[in-house]
Structure formats: C-alpha cells, structure tokens
Amino acid sequence: MSVICAKLVRELSLRKLTISTAESCTGGLIAKSITDISGASSAFWGGVVSYDNSVKENVLGVLHSTLDACGAVSHDTACQMAKGVKELLKTDIGISTTGIAGPGGGTKEKPVGTVYVGIAYKDKVEARLLTIDPSYSREKIRQTATELLLKMTLEKISENY
C-alpha cells in the first residue's frame with residue numbers, strides 16, 4: 001500500500017491538489033497510510049473519523065434523513081461524507097469510507113465486507129460499492145477498502161486534473 005500512497009502524494013503534490021478523508025469503517029487507516037509518506041503535508045490537510053452517526057451528521061453534514069432512509073452504510077452516506085469533509089477542510093478532493101468490517105454487524109442485505117467508498121472532486125461526487133470477501137479478517141477488509149479507494153482516487157486525479 002505504501003507504493004500507492006507514495007504515488008498519490010506525488011500526484012497530488014505535482015498538481016498542487018489537497019485531499020481530506022472522512023472515515024468510518026477504516027477508522028483512520030487511510031489518513032495513517034497517507035501520512036506515512038514523507039512529504040504528505042504538502043497535500044493532506046486532515047481527516048475525520050466519523051464512527052458514530054452523530055459525527056457523520058453533526059460534523060460532516062450527512063443528512064439525518066439519509067441516515068434514516070439509507071443507513072450509515074450506503075451510497076448516499078458515502079457521497080455526503082466525501083462532500084462534507086471536502087467542504088469542511090476546504091480541500092480539492094474529499095474521500096470517504098463507510099461499511100461493515102466484521103466479524104459481526106452484517107445483515108443479509110448488507111453483509112460483512114460491504115463497503116461504500118466516496119470521492120468528491122471539482123463539482124462532482126460519486127461512490128462505489130465494494131463487495132469484499134466476508135471471510136477476510138476485519139483488518140484485511142479495512143486494508144482492502146483503503147487500497148481500493150486510494151487506487152480510485154489516483155484514477156480520478158489522472159482523468160480530471
């Protein structure tokens with residue numbers, strides 16, 4: 001993962017872009033992975049670990065109606081988290097994760113390994129559903145979600161900046 005993070009920091013720095021994170025199921029792993037890279041301070045401005053819905057709502061601006069209707073683990077929540085952190089920290093890009101890392105907490109509709117990742121950039125916001133192998137450990141699910149979101153972020157940077 002350090003190779004992906006190094007490339008991300010380099011690309012952000014070259015393009016003079018800034019990034020922030022809003023994390024739920026990854027619990028700060030994305031922010032840690034980025035700040036493990038020397039020079040990350042040129043691009044990474046900060047993050048919010050919004051494990052509880054009250055933080056999603058009161059800090060990141062996720063709508064209460066979204067949490068009620070869709071749940072914390074949803075496409076709409078991931079989008080609102082990414083947009084919220086981008087606006088809160090005034091960065092060019094905001095990224096987010098919300099999901100079920102297990103081993104408990106899964107349901108038939110949203111089993112362990114269900115993770116939504118979001119990205120807000122320019123005037124766009126989007127999210128993707130990741131279906132990660134539920135037999136993976138909690139740590140492996142979180143690492144996989146982090147790696148996939150960082151790759152998605154690199155793709156969006158190369159396509160849009």
# chains A, B, ... in the order shown; residues from 1 in each chain; ligands from 1
call {"tool": "residues_around", "arguments": {"residues": "stretch 55-67 of chain A", "least_positions_apart": "4", "cutoff": "8 Å", "atoms": "only C-alpha atoms", "output": "ChimeraX atom specification"}}
result
/A:22,50-51,71-72,76-77,80-81,84-85,88
call {"tool": "select_by_dssp", "arguments": {"residues": "stretch 1-127 of chain A", "states": "strand (DSSP E)", "output": "JSON, numbers by chain"}}
result
{"A": [19, 20, 21, 22, 23, 44, 45, 46, 47, 48, 49, 93, 94, 95, 96, 97, 98, 99, 114, 115, 116, 117, 118, 119, 120, 121, 124, 125, 126, 127]}
call {"tool": "residues_around", "arguments": {"residues": "A:Thr26", "least_positions_apart": "6", "cutoff": "9 Å", "atoms": "only C-alpha atoms", "output": "JSON, numbers by chain"}}
result
{"A": [49, 97, 98, 99, 101, 139, 141, 142, 143, 145, 146]}
call {"tool": "write_last_selection", "arguments": {"atoms": "N, CA and C atoms", "output": "tab-separated table (two decimals), in the first residue's frame"}}
result
chain	number	residue	atom	x	y	z
A	49	VAL	N	-12.63	10.89	11.60
A	49	VAL	CA	-13.07	9.52	11.82
A	49	VAL	C	-14.48	9.64	12.39
A	97	THR	N	-15.08	6.47	3.49
A	97	THR	CA	-15.41	5.04	3.59
A	97	THR	C	-16.49	4.86	4.64
A	98	THR	N	-17.40	3.96	4.35
A	98	THR	CA	-18.39	3.55	5.32
A	98	THR	C	-18.79	2.12	4.99
A	99	GLY	N	-18.73	1.25	5.99
A	99	GLY	CA	-19.00	-0.15	5.68
A	99	GLY	C	-19.03	-1.03	6.91
A	101	ALA	N	-16.93	-3.99	8.54
A	101	ALA	CA	-15.65	-4.69	8.53
A	101	ALA	C	-15.70	-6.03	9.26
A	139	GLU	N	-9.18	-6.69	9.81
A	139	GLU	CA	-8.02	-5.92	9.35
A	139	GLU	C	-7.88	-5.97	7.83
A	141	ILE	N	-10.23	-6.59	5.56
A	141	ILE	CA	-11.32	-5.84	4.93
A	141	ILE	C	-11.00	-4.35	4.94
A	142	ARG	N	-10.52	-3.85	6.06
A	142	ARG	CA	-10.18	-2.43	6.16
A	142	ARG	C	-9.02	-2.07	5.23
A	143	GLN	N	-8.01	-2.93	5.17
A	143	GLN	CA	-6.86	-2.68	4.29
A	143	GLN	C	-7.29	-2.71	2.81
A	145	ALA	N	-10.31	-2.11	1.55
A	145	ALA	CA	-11.10	-0.92	1.26
A	145	ALA	C	-10.19	0.30	1.08
A	146	THR	N	-9.21	0.43	1.94
A	146	THR	CA	-8.26	1.55	1.85
A	146	THR	C	-7.52	1.52	0.52
call {"tool": "residues_around", "arguments": {"residues": "A:Asp133", "least_positions_apart": "5", "cutoff": "10 Å", "atoms": "only C-alpha atoms", "output": "PyMOL selection string"}}
result
chain A and resi 111-114+140-141+144
call {"tool": "residues_around", "arguments": {"residues": "stretch 120-132 of chain A", "least_positions_apart": "4", "cutoff": "7 Å", "atoms": "only C-alpha atoms", "output": "PDB file with all heavy atoms, in the first residue's frame"}}
result
ATOM      1  N   HIS A  75     -24.589   4.250  -0.383  1.00  0.00           N
ATOM      2  CA  HIS A  75     -24.048   5.102  -1.437  1.00  0.00           C
ATOM      3  C   HIS A  75     -24.209   6.571  -1.071  1.00  0.00           C
ATOM      4  O   HIS A  75     -23.259   7.359  -1.145  1.00  0.00           O
ATOM      5  CB  HIS A  75     -24.788   4.781  -2.745  1.00  0.00           C
ATOM      6  CG  HIS A  75     -24.407   5.642  -3.894  1.00  0.00           C
ATOM      7  ND1 HIS A  75     -24.969   6.893  -4.104  1.00  0.00           N
ATOM      8  CD2 HIS A  75     -23.526   5.445  -4.895  1.00  0.00           C
ATOM      9  CE1 HIS A  75     -24.442   7.426  -5.185  1.00  0.00           C
ATOM     10  NE2 HIS A  75     -23.563   6.568  -5.694  1.00  0.00           N
ATOM     11  N   ALA A  78     -21.924   7.705   1.826  1.00  0.00           N
ATOM     12  CA  ALA A  78     -20.527   7.834   1.380  1.00  0.00           C
ATOM     13  C   ALA A  78     -20.326   9.118   0.580  1.00  0.00           C
ATOM     14  O   ALA A  78     -19.330   9.825   0.765  1.00  0.00           O
ATOM     15  CB  ALA A  78     -20.120   6.615   0.551  1.00  0.00           C
ATOM     16  N   CYS A  79     -21.284   9.445  -0.289  1.00  0.00           N
ATOM     17  CA  CYS A  79     -21.188  10.683  -1.067  1.00  0.00           C
ATOM     18  C   CYS A  79     -21.221  11.912  -0.160  1.00  0.00           C
ATOM     19  O   CYS A  79     -20.403  12.824  -0.310  1.00  0.00           O
ATOM     20  CB  CYS A  79     -22.328  10.767  -2.081  1.00  0.00           C
ATOM     21  SG  CYS A  79     -22.150   9.685  -3.510  1.00  0.00           S
ATOM     22  N   ALA A  82     -17.946  12.334   1.794  1.00  0.00           N
ATOM     23  CA  ALA A  82     -16.843  12.849   0.976  1.00  0.00           C
ATOM     24  C   ALA A  82     -17.014  14.342   0.702  1.00  0.00           C
ATOM     25  O   ALA A  82     -16.072  15.131   0.837  1.00  0.00           O
ATOM     26  CB  ALA A  82     -16.746  12.060  -0.334  1.00  0.00           C
ATOM     27  N   LYS A  83     -18.232  14.721   0.331  1.00  0.00           N
ATOM     28  CA  LYS A  83     -18.509  16.138   0.076  1.00  0.00           C
ATOM     29  C   LYS A  83     -18.355  16.955   1.351  1.00  0.00           C
ATOM     30  O   LYS A  83     -17.796  18.058   1.339  1.00  0.00           O
ATOM     31  CB  LYS A  83     -19.915  16.296  -0.495  1.00  0.00           C
ATOM     32  CG  LYS A  83     -20.257  17.715  -0.858  1.00  0.00           C
ATOM     33  CD  LYS A  83     -21.647  17.833  -1.445  1.00  0.00           C
ATOM     34  CE  LYS A  83     -21.941  19.279  -1.780  1.00  0.00           C
ATOM     35  NZ  LYS A  83     -23.349  19.517  -2.066  1.00  0.00           N
ATOM     36  N   LYS A  86     -14.646  17.460   2.282  1.00  0.00           N
ATOM     37  CA  LYS A  86     -14.043  18.370   1.292  1.00  0.00           C
ATOM     38  C   LYS A  86     -14.396  19.813   1.630  1.00  0.00           C
ATOM     39  O   LYS A  86     -13.542  20.698   1.610  1.00  0.00           O
ATOM     40  CB  LYS A  86     -14.528  18.008  -0.112  1.00  0.00           C
ATOM     41  CG  LYS A  86     -14.036  18.903  -1.229  1.00  0.00           C
ATOM     42  CD  LYS A  86     -14.652  18.449  -2.564  1.00  0.00           C
ATOM     43  CE  LYS A  86     -14.184  19.272  -3.735  1.00  0.00           C
ATOM     44  NZ  LYS A  86     -14.816  20.587  -3.821  1.00  0.00           N
ATOM     45  N   ASP A  92      -9.300  20.184  -2.241  1.00  0.00           N
ATOM     46  CA  ASP A  92      -9.720  19.932  -3.621  1.00  0.00           C
ATOM     47  C   ASP A  92     -10.473  18.616  -3.750  1.00  0.00           C
ATOM     48  O   ASP A  92     -11.374  18.486  -4.580  1.00  0.00           O
ATOM     49  CB  ASP A  92      -8.490  19.894  -4.546  1.00  0.00           C
ATOM     50  CG  ASP A  92      -7.759  21.213  -4.559  1.00  0.00           C
ATOM     51  OD1 ASP A  92      -8.393  22.234  -4.909  1.00  0.00           O
ATOM     52  OD2 ASP A  92      -6.556  21.237  -4.204  1.00  0.00           O
ATOM     53  N   ILE A  93     -10.088  17.639  -2.940  1.00  0.00           N
ATOM     54  CA  ILE A  93     -10.657  16.294  -3.008  1.00  0.00           C
ATOM     55  C   ILE A  93     -11.018  15.839  -1.603  1.00  0.00           C
ATOM     56  O   ILE A  93     -10.260  16.058  -0.657  1.00  0.00           O
ATOM     57  CB  ILE A  93      -9.642  15.312  -3.631  1.00  0.00           C
ATOM     58  CG1 ILE A  93      -9.278  15.748  -5.057  1.00  0.00           C
ATOM     59  CG2 ILE A  93     -10.183  13.877  -3.626  1.00  0.00           C
ATOM     60  CD1 ILE A  93      -8.056  15.040  -5.629  1.00  0.00           C
ATOM     61  N   GLY A  94     -12.165  15.205  -1.481  1.00  0.00           N
ATOM     62  CA  GLY A  94     -12.568  14.567  -0.227  1.00  0.00           C
ATOM     63  C   GLY A  94     -12.881  13.110  -0.522  1.00  0.00           C
ATOM     64  O   GLY A  94     -13.547  12.812  -1.511  1.00  0.00           O
ATOM     65  N   ILE A  95     -12.389  12.205   0.314  1.00  0.00           N
ATOM     66  CA  ILE A  95     -12.669  10.786   0.114  1.00  0.00           C
ATOM     67  C   ILE A  95     -13.268  10.204   1.388  1.00  0.00           C
ATOM     68  O   ILE A  95     -13.015  10.707   2.486  1.00  0.00           O
ATOM     69  CB  ILE A  95     -11.416   9.993  -0.338  1.00  0.00           C
ATOM     70  CG1 ILE A  95     -10.258  10.119   0.655  1.00  0.00           C
ATOM     71  CG2 ILE A  95     -10.985  10.439  -1.731  1.00  0.00           C
ATOM     72  CD1 ILE A  95      -9.019   9.292   0.289  1.00  0.00           C
ATOM     73  N   GLY A 113     -18.161  -7.084   4.834  1.00  0.00           N
ATOM     74  CA  GLY A 113     -17.427  -6.870   3.591  1.00  0.00           C
ATOM     75  C   GLY A 113     -18.095  -5.860   2.666  1.00  0.00           C
ATOM     76  O   GLY A 113     -17.537  -5.494   1.634  1.00  0.00           O
ATOM     77  N   THR A 114     -19.293  -5.395   3.045  1.00  0.00           N
ATOM     78  CA  THR A 114     -19.971  -4.351   2.274  1.00  0.00           C
ATOM     79  C   THR A 114     -19.360  -3.016   2.664  1.00  0.00           C
ATOM     80  O   THR A 114     -19.419  -2.615   3.829  1.00  0.00           O
ATOM     81  CB  THR A 114     -21.486  -4.327   2.587  1.00  0.00           C
ATOM     82  OG1 THR A 114     -22.044  -5.599   2.265  1.00  0.00           O
ATOM     83  CG2 THR A 114     -22.186  -3.229   1.803  1.00  0.00           C
ATOM     84  N   VAL A 115     -18.741  -2.349   1.701  1.00  0.00           N
ATOM     85  CA  VAL A 115     -18.107  -1.054   1.961  1.00  0.00           C
ATOM     86  C   VAL A 115     -18.426  -0.119   0.800  1.00  0.00           C
ATOM     87  O   VAL A 115     -18.288  -0.498  -0.366  1.00  0.00           O
ATOM     88  CB  VAL A 115     -16.571  -1.185   2.103  1.00  0.00           C
ATOM     89  CG1 VAL A 115     -15.926   0.184   2.348  1.00  0.00           C
ATOM     90  CG2 VAL A 115     -16.197  -2.162   3.208  1.00  0.00           C
ATOM     91  N   TYR A 116     -18.847   1.077   1.134  1.00  0.00           N
ATOM     92  CA  TYR A 116     -19.023   2.131   0.138  1.00  0.00           C
ATOM     93  C   TYR A 116     -17.870   3.109   0.291  1.00  0.00           C
ATOM     94  O   TYR A 116     -17.530   3.495   1.411  1.00  0.00           O
ATOM     95  CB  TYR A 116     -20.346   2.869   0.336  1.00  0.00           C
ATOM     96  CG  TYR A 116     -21.550   2.070  -0.079  1.00  0.00           C
ATOM     97  CD1 TYR A 116     -22.186   1.229   0.824  1.00  0.00           C
ATOM     98  CD2 TYR A 116     -22.055   2.158  -1.383  1.00  0.00           C
ATOM     99  CE1 TYR A 116     -23.302   0.488   0.444  1.00  0.00           C
ATOM    100  CE2 TYR A 116     -23.165   1.418  -1.761  1.00  0.00           C
ATOM    101  CZ  TYR A 116     -23.782   0.587  -0.845  1.00  0.00           C
ATOM    102  OH  TYR A 116     -24.878  -0.157  -1.228  1.00  0.00           O
ATOM    103  N   ILE A 141     -10.225  -6.589   5.565  1.00  0.00           N
ATOM    104  CA  ILE A 141     -11.319  -5.845   4.928  1.00  0.00           C
ATOM    105  C   ILE A 141     -10.996  -4.354   4.938  1.00  0.00           C
ATOM    106  O   ILE A 141     -11.137  -3.661   3.924  1.00  0.00           O
ATOM    107  CB  ILE A 141     -12.670  -6.148   5.617  1.00  0.00           C
ATOM    108  CG1 ILE A 141     -13.116  -7.578   5.267  1.00  0.00           C
ATOM    109  CG2 ILE A 141     -13.739  -5.119   5.223  1.00  0.00           C
ATOM    110  CD1 ILE A 141     -14.321  -8.073   6.026  1.00  0.00           C
TER     111      ILE A 141
END
call {"tool": "atom_distance", "arguments": {"atom1": "atom CA of A:Cys5", "atom2": "atom CA of A:Asn53"}}
result
28.0 Å
call {"tool": "closest_residue", "arguments": {"among": "A:Leu8, A:Leu148, A:Cys70, A:Ile119", "to": "A:Asp36", "atoms": "only C-alpha atoms"}}
result
A:Leu8
call {"tool": "select_by_dssp", "arguments": {"residues": "stretch 38-156 of chain A", "states": "alpha helix (DSSP H)", "output": "VMD selection string"}}
result
chain A and resid 53 to 58 64 to 70 75 to 89 138 to 156
call {"tool": "closest_residue", "arguments": {"among": "A:Ala43, A:Ala6, A:Ala31, A:Ile100", "to": "A:Ser74", "atoms": "only C-alpha atoms"}}
result
A:Ile100
call {"tool": "closest_residue", "arguments": {"among": "A:Ser42, A:Asp52, A:Gly105, A:Arg138", "to": "A:Arg15", "atoms": "only C-alpha atoms"}}
result
A:Ser42
call {"tool": "residues_around", "arguments": {"residues": "A:Ser2", "least_positions_apart": "5", "cutoff": "9 Å", "atoms": "only C-alpha atoms", "output": "compact mmCIF listing (two decimals) with all heavy atoms, in the first residue's frame"}}
result
# COMPACT_ATOMS: atom_id res chain seq x y z
N LYS A 7 2.66 7.24 -4.60
CA LYS A 7 2.23 7.74 -5.90
C LYS A 7 1.14 8.80 -5.74
O LYS A 7 1.15 9.82 -6.42
CB LYS A 7 1.74 6.60 -6.79
CG LYS A 7 1.43 7.03 -8.19
CD LYS A 7 1.13 5.85 -9.11
CE LYS A 7 0.90 6.37 -10.52
NZ LYS A 7 0.57 5.33 -11.46
N SER A 33 -2.17 5.89 6.37
CA SER A 33 -1.42 5.41 5.20
C SER A 33 -0.84 6.57 4.39
O SER A 33 0.30 6.50 3.93
CB SER A 33 -2.33 4.56 4.31
OG SER A 33 -2.78 3.43 5.01
N ILE A 34 -1.63 7.63 4.25
CA ILE A 34 -1.13 8.79 3.51
C ILE A 34 -0.03 9.49 4.29
O ILE A 34 1.03 9.83 3.74
CB ILE A 34 -2.29 9.77 3.19
CG1 ILE A 34 -3.27 9.12 2.20
CG2 ILE A 34 -1.74 11.08 2.62
CD1 ILE A 34 -4.56 9.90 2.00
N ASP A 36 1.99 8.33 6.39
CA ASP A 36 3.21 7.52 6.49
C ASP A 36 4.24 7.95 5.44
O ASP A 36 5.41 7.63 5.56
CB ASP A 36 2.91 6.03 6.29
CG ASP A 36 2.35 5.36 7.54
OD1 ASP A 36 2.40 5.97 8.63
OD2 ASP A 36 1.85 4.22 7.40
N ILE A 37 3.79 8.67 4.41
CA ILE A 37 4.65 9.07 3.30
C ILE A 37 5.27 10.44 3.61
O ILE A 37 4.56 11.40 3.91
CB ILE A 37 3.85 9.15 1.98
CG1 ILE A 37 3.15 7.81 1.68
CG2 ILE A 37 4.73 9.59 0.82
CD1 ILE A 37 4.06 6.60 1.61
call {"tool": "closest_residue", "arguments": {"among": "A:Leu89, A:Leu12, A:Cys25, A:Val73", "to": "A:Lys156", "atoms": "only C-alpha atoms"}}
result
A:Leu12
